[in-house]
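Novice: What follows is a structure written as structure tokens; I'll ask about it next.
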Amino acid sequence: MKTLANKVVAITGAGSGIGRALAVRCAGLGARLALSDVNEASLDEAVARCRAVGAEVHRERVDVGRRDEIYAWAAEVERSLGPAEVIVNNAGVSLSQTVADMRDEDFAWLMDINFWGVVHGTRAFLPQLRSRAEGHVVNVSSVFGIIAVPTQSAYNASKFALRGFTEALRMELGRTSVRVTCVHPGGIDTNIVTNGRHYRDPTMRAVDPSELARAFKRVARTSPEEAARQICGAILAERPRLLIGRDAFVIDKLQRLLPDAYDRLVGSAMRLIDRK
Ligand SMILES: NC(=O)c1ccc[n+]([C@@H]2O[C@H](COP(=O)([O-])OP(=O)(O)OC[C@H]3O[C@@H](n4cnc5c(N)ncnc54)[C@H](O)[C@@H]3O)[C@@H](O)[C@H]2O)c1
């Protein structure tokens, strides 16, 4: 896709963080936007920011954990703006708990949003993308879709699964006019931790929420605006895979160099962050 001007771009989780910054960036590039989020107050702020730069915006409250809501939203977007050219499956949540102590309902909550939300978002919009001259699916995984970390088993499982789903989709669509990008952000300075459910930190101690938020701030070195700039660049350059942030490049290399020994380095890094 050479331009986003006049393209219908649908974004989930558009109220905060990466999704909001991406909405504002796409608005500036002349896209026509379909924005959704489960949090209506933050969604309204994002919509106002996009309309302030003159963008046409369709907004809807959508819980991506609910298949019926995603399909209803996709149909409504097509009726209001015409078939979408881009779907960005961005909505996601975080959860920190050990495998042994994880409640089934927390595990299911995260998988419904982070994994099934992306699967349904992709499948609901795919017919629209295919009906256009060109289309693009952007699925937001994580560096935690590349390496695993203690207490992140559910998040890791969702983001590793997304990577597999997205890479298979890319191959299936190889001969069509729809391109696919899997995004692996490193630490991005957003509300992901404050919006999550956290019981144990990576050193397995009970979580102190304010301390966890401070620790995240220390490692989340990339701004959401920079992440949005790179995601738009990946759509325009039709890149299959996007790592965001220096930390993401280091982690990706580490996993390739030490596939069965990186966990020792992860352990040392966690102890270091903990001491700071
Ligand atoms: N921030 C990071 O360091 C980081 C790193 C790697 C990957 N990611 C991924 O980036 C994506 C965006 O996260 P963010 O960092 O901008 O976090 P964020 O919390 O700032 O934004 C996430 C948005 O998703 C929305 N959301 C949550 N549950 C939802 C649901 N059930 N239905 C619809 N919307 C829902 C929230 O209301 C929020 O607006 C997520 O998929 C996250 O896993 C973030």
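Chain labels follow the order of the structure tokens: the first chain is A, the next B, and so on; residue numbering restarts at 1 in every chain, and ligands are counted from 1 in their shown order.
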When you look at segment 186-201 of chain A with a cut-off of 8 Å (counting only C-alpha atoms), what residues show up, excluding the ones that are within fewer than 4 positions of it in the same chain? I need them as JSON, numbers by chain.
Specialist: {"A": [16, 17, 18, 92, 93, 94, 95, 96, 97, 98, 142, 143, 151, 205, 206, 207, 209, 212, 213, 216, 217, 219, 220, 221, 222, 223, 224, 227, 243, 244, 245, 246, 247, 248]}
Novice: I need the residues of segment 27-62 of chain A that end up classed as helix (DSSP H, G or I) by DSSP on the backbone, written out as a ChimeraX atom specification.
Specialist: /A:27-28,40-52
Novice: Suppose we keep all heavy atoms; can you now write the selection as a short mmCIF file (atom, residue, chain, number, x, y, z; two decimals), in the first residue's frame?
Specialist:
data_model
loop_
_atom_site.label_atom_id
_atom_site.label_comp_id
_atom_site.auth_asym_id
_atom_site.auth_seq_id
_atom_site.Cartn_x
_atom_site.Cartn_y
_atom_site.Cartn_z
N ALA A 27 -4.75 9.50 11.06
CA ALA A 27 -5.60 10.67 10.78
C ALA A 27 -4.77 11.73 10.06
O ALA A 27 -5.21 12.30 9.06
CB ALA A 27 -6.17 11.23 12.08
N GLY A 28 -3.57 11.96 10.55
CA GLY A 28 -2.68 12.96 9.94
C GLY A 28 -2.28 12.57 8.51
O GLY A 28 -1.96 13.43 7.70
N GLU A 40 -14.97 3.52 26.76
CA GLU A 40 -15.58 4.57 25.93
C GLU A 40 -14.99 5.95 26.20
O GLU A 40 -14.88 6.77 25.29
CB GLU A 40 -17.09 4.61 26.16
CG GLU A 40 -17.75 3.34 25.67
CD GLU A 40 -19.17 3.58 25.19
OE1 GLU A 40 -19.33 4.15 24.11
OE2 GLU A 40 -20.09 3.18 25.92
N ALA A 41 -14.63 6.23 27.47
CA ALA A 41 -14.12 7.56 27.80
C ALA A 41 -12.81 7.82 27.07
O ALA A 41 -12.62 8.86 26.44
CB ALA A 41 -13.93 7.69 29.31
N SER A 42 -11.90 6.84 27.11
CA SER A 42 -10.61 7.05 26.43
C SER A 42 -10.79 7.00 24.91
O SER A 42 -10.12 7.72 24.18
CB SER A 42 -9.56 6.05 26.92
OG SER A 42 -9.95 4.74 26.61
N LEU A 43 -11.76 6.20 24.44
CA LEU A 43 -12.03 6.15 23.00
C LEU A 43 -12.49 7.53 22.52
O LEU A 43 -12.03 8.02 21.48
CB LEU A 43 -13.10 5.09 22.71
CG LEU A 43 -13.54 4.95 21.25
CD1 LEU A 43 -12.36 4.56 20.35
CD2 LEU A 43 -14.66 3.91 21.12
N ASP A 44 -13.36 8.17 23.30
CA ASP A 44 -13.87 9.50 22.90
C ASP A 44 -12.73 10.51 22.80
O ASP A 44 -12.73 11.37 21.91
CB ASP A 44 -14.94 9.98 23.88
CG ASP A 44 -16.26 9.24 23.65
OD1 ASP A 44 -16.45 8.67 22.55
OD2 ASP A 44 -17.10 9.22 24.57
N GLU A 45 -11.76 10.41 23.72
CA GLU A 45 -10.61 11.33 23.65
C GLU A 45 -9.82 11.11 22.37
O GLU A 45 -9.40 12.05 21.69
CB GLU A 45 -9.70 11.14 24.87
CG GLU A 45 -10.27 11.72 26.14
CD GLU A 45 -9.41 11.34 27.36
OE1 GLU A 45 -8.20 11.14 27.19
OE2 GLU A 45 -9.99 11.24 28.45
N ALA A 46 -9.62 9.82 22.02
CA ALA A 46 -8.87 9.51 20.79
C ALA A 46 -9.63 10.01 19.56
O ALA A 46 -9.03 10.59 18.64
CB ALA A 46 -8.64 8.00 20.69
N VAL A 47 -10.95 9.81 19.56
CA VAL A 47 -11.78 10.25 18.43
C VAL A 47 -11.66 11.77 18.27
O VAL A 47 -11.48 12.29 17.16
CB VAL A 47 -13.25 9.82 18.64
CG1 VAL A 47 -14.17 10.49 17.63
CG2 VAL A 47 -13.38 8.30 18.55
N ALA A 48 -11.73 12.48 19.40
CA ALA A 48 -11.64 13.96 19.35
C ALA A 48 -10.29 14.39 18.78
O ALA A 48 -10.24 15.33 17.97
CB ALA A 48 -11.84 14.53 20.76
N ARG A 49 -9.22 13.71 19.18
CA ARG A 49 -7.88 14.07 18.65
C ARG A 49 -7.84 13.89 17.14
O ARG A 49 -7.24 14.67 16.42
CB ARG A 49 -6.81 13.19 19.30
CG ARG A 49 -6.64 13.37 20.81
CD ARG A 49 -5.51 14.32 21.18
NE ARG A 49 -4.25 14.01 20.54
CZ ARG A 49 -3.31 13.24 21.06
NH1 ARG A 49 -3.50 12.66 22.22
NH2 ARG A 49 -2.17 13.04 20.43
N CYS A 50 -8.46 12.82 16.64
CA CYS A 50 -8.42 12.54 15.20
C CYS A 50 -9.31 13.52 14.42
O CYS A 50 -8.93 14.00 13.36
CB CYS A 50 -8.86 11.10 14.92
SG CYS A 50 -7.71 9.90 15.60
N ARG A 51 -10.48 13.81 15.00
CA ARG A 51 -11.38 14.76 14.31
C ARG A 51 -10.76 16.15 14.28
O ARG A 51 -10.98 16.92 13.35
CB ARG A 51 -12.76 14.78 14.99
CG ARG A 51 -13.53 13.49 14.68
CD ARG A 51 -14.96 13.55 15.12
NE ARG A 51 -15.68 12.33 14.72
CZ ARG A 51 -16.61 11.73 15.43
NH1 ARG A 51 -16.98 12.22 16.60
NH2 ARG A 51 -17.19 10.63 14.99
N ALA A 52 -9.95 16.46 15.32
CA ALA A 52 -9.32 17.79 15.38
C ALA A 52 -8.37 18.01 14.20
O ALA A 52 -8.13 19.15 13.82
CB ALA A 52 -8.55 17.95 16.70
#
Novice: What is the distance, in Å and to one decimal place, between atom CA of Ala31 of chain A and atom CA of Asn90 of chain A?
Specialist: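 Spanning atom CA of Ala31 of chain A to atom CA of Asn90 of chain A is a straight-line distance of 17.2 Å.
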Novice: Taking into account only C-alpha atoms, which residue in the set A:Ile146, A:Ala154, A:Pro185, A:Arg264 is nearest to Arg103 of chain A?
Specialist: A:Ala154
Novice: From the set A:Lys2, A:His120, A:Lys159, A:Arg132, which residue has the shortest atom-to-atom contact distance to ligand 1, counting only C-alpha atoms and all ligand atoms?
Specialist: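 Nearest candidate to ligand 1 out of A:Lys2, A:His120, A:Lys159, A:Arg132: A:Lys159.
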Novice: Which of segment 62-133 of chain A counts as strand (DSSP E) under DSSP, as a list in words please?
Specialist: Val86, Ile87, Val88, Asn89, Leu95 and Ser96 of chain A
Novice: Quick one: of A:Val149, A:Ala124, A:Val138, A:Leu129, who's nearest to Met204 of chain A, counting only C-alpha atoms?
Specialist: A:Val149
Novice: Find the residues near Glu167 of chain A: any atom within 12 Å, counting only C-alpha atoms, skip ones fewer than 4 places away on the same chain, and give them as JSON, numbers by chain.
Specialist: {"A": [137, 138, 139, 141, 160, 161, 162, 163, 171, 172, 173, 174, 179, 180, 181, 182, 183, 240, 241]}
Novice: Excluding Ile235 of chain A and its own-chain neighbours fewer than 2 positions away, which residues fall within 8 Å of it when counting only C-alpha atoms? Please give them as a VMD selection string.
Specialist: chain A and resid 1 136 138 181 231 to 233 237 to 239
Novice: Could you please take those selected residues and save N, CA, C and O atoms as a compact mmCIF listing (two decimals), in the first residue's frame?
Specialist:
# COMPACT_ATOMS: atom_id res chain seq x y z
N MET A 1 0.86 -1.18 0.00
CA MET A 1 0.00 0.00 0.00
C MET A 1 0.90 1.24 0.00
O MET A 1 1.71 1.41 0.92
N HIS A 136 -4.46 -4.73 4.16
CA HIS A 136 -3.34 -5.02 5.07
C HIS A 136 -3.88 -5.42 6.45
O HIS A 136 -4.76 -4.75 6.99
N VAL A 138 -2.60 -5.92 10.31
CA VAL A 138 -1.50 -5.69 11.26
C VAL A 138 -1.91 -6.34 12.58
O VAL A 138 -2.92 -5.95 13.18
N THR A 181 1.37 -7.95 8.49
CA THR A 181 2.53 -7.58 9.32
C THR A 181 2.32 -8.06 10.75
O THR A 181 1.27 -7.80 11.35
N ILE A 231 4.81 1.61 12.76
CA ILE A 231 3.75 0.72 12.25
C ILE A 231 3.22 1.26 10.91
O ILE A 231 3.05 0.49 9.95
N CYS A 232 3.01 2.57 10.83
CA CYS A 232 2.57 3.15 9.54
C CYS A 232 3.64 2.89 8.47
O CYS A 232 3.31 2.53 7.33
N GLY A 233 4.90 3.05 8.85
CA GLY A 233 6.00 2.79 7.90
C GLY A 233 5.98 1.35 7.42
O GLY A 233 6.19 1.06 6.23
N ALA A 237 5.57 0.15 3.62
CA ALA A 237 6.68 -0.61 3.01
C ALA A 237 6.33 -2.09 2.87
O ALA A 237 7.15 -2.89 2.43
N GLU A 238 5.12 -2.47 3.28
CA GLU A 238 4.63 -3.86 3.21
C GLU A 238 5.60 -4.83 3.87
O GLU A 238 5.94 -5.89 3.34
N ARG A 239 6.05 -4.44 5.08
CA ARG A 239 7.00 -5.30 5.81
C ARG A 239 6.26 -6.43 6.53
O ARG A 239 5.25 -6.20 7.20
Novice: How far is it from atom 6 (C, counted along the ligand's line) of ligand 1 to atom CA of Phe115 of chain A, in Å with one decimal?
Specialist: 13.8 Å
Novice: Could you please determine the separation between atom CA of Arg130 of chain A and atom CA of Val9 of chain A in Å, to one decimal place?
Specialist: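 Interatomic distance, atom CA of Arg130 of chain A to atom CA of Val9 of chain A: 14.0 Å.
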Novice: Compare A:Asp37, A:Asp263, A:Glu60, A:Glu69 by their minimum atom-to-atom distance to ligand 1, counting only C-alpha atoms and all ligand atoms, and give me the closest one.
Specialist: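 Of A:Asp37, A:Asp263, A:Glu60, A:Glu69, the one nearest ligand 1, counting only C-alpha atoms and all ligand atoms, is A:Asp37.
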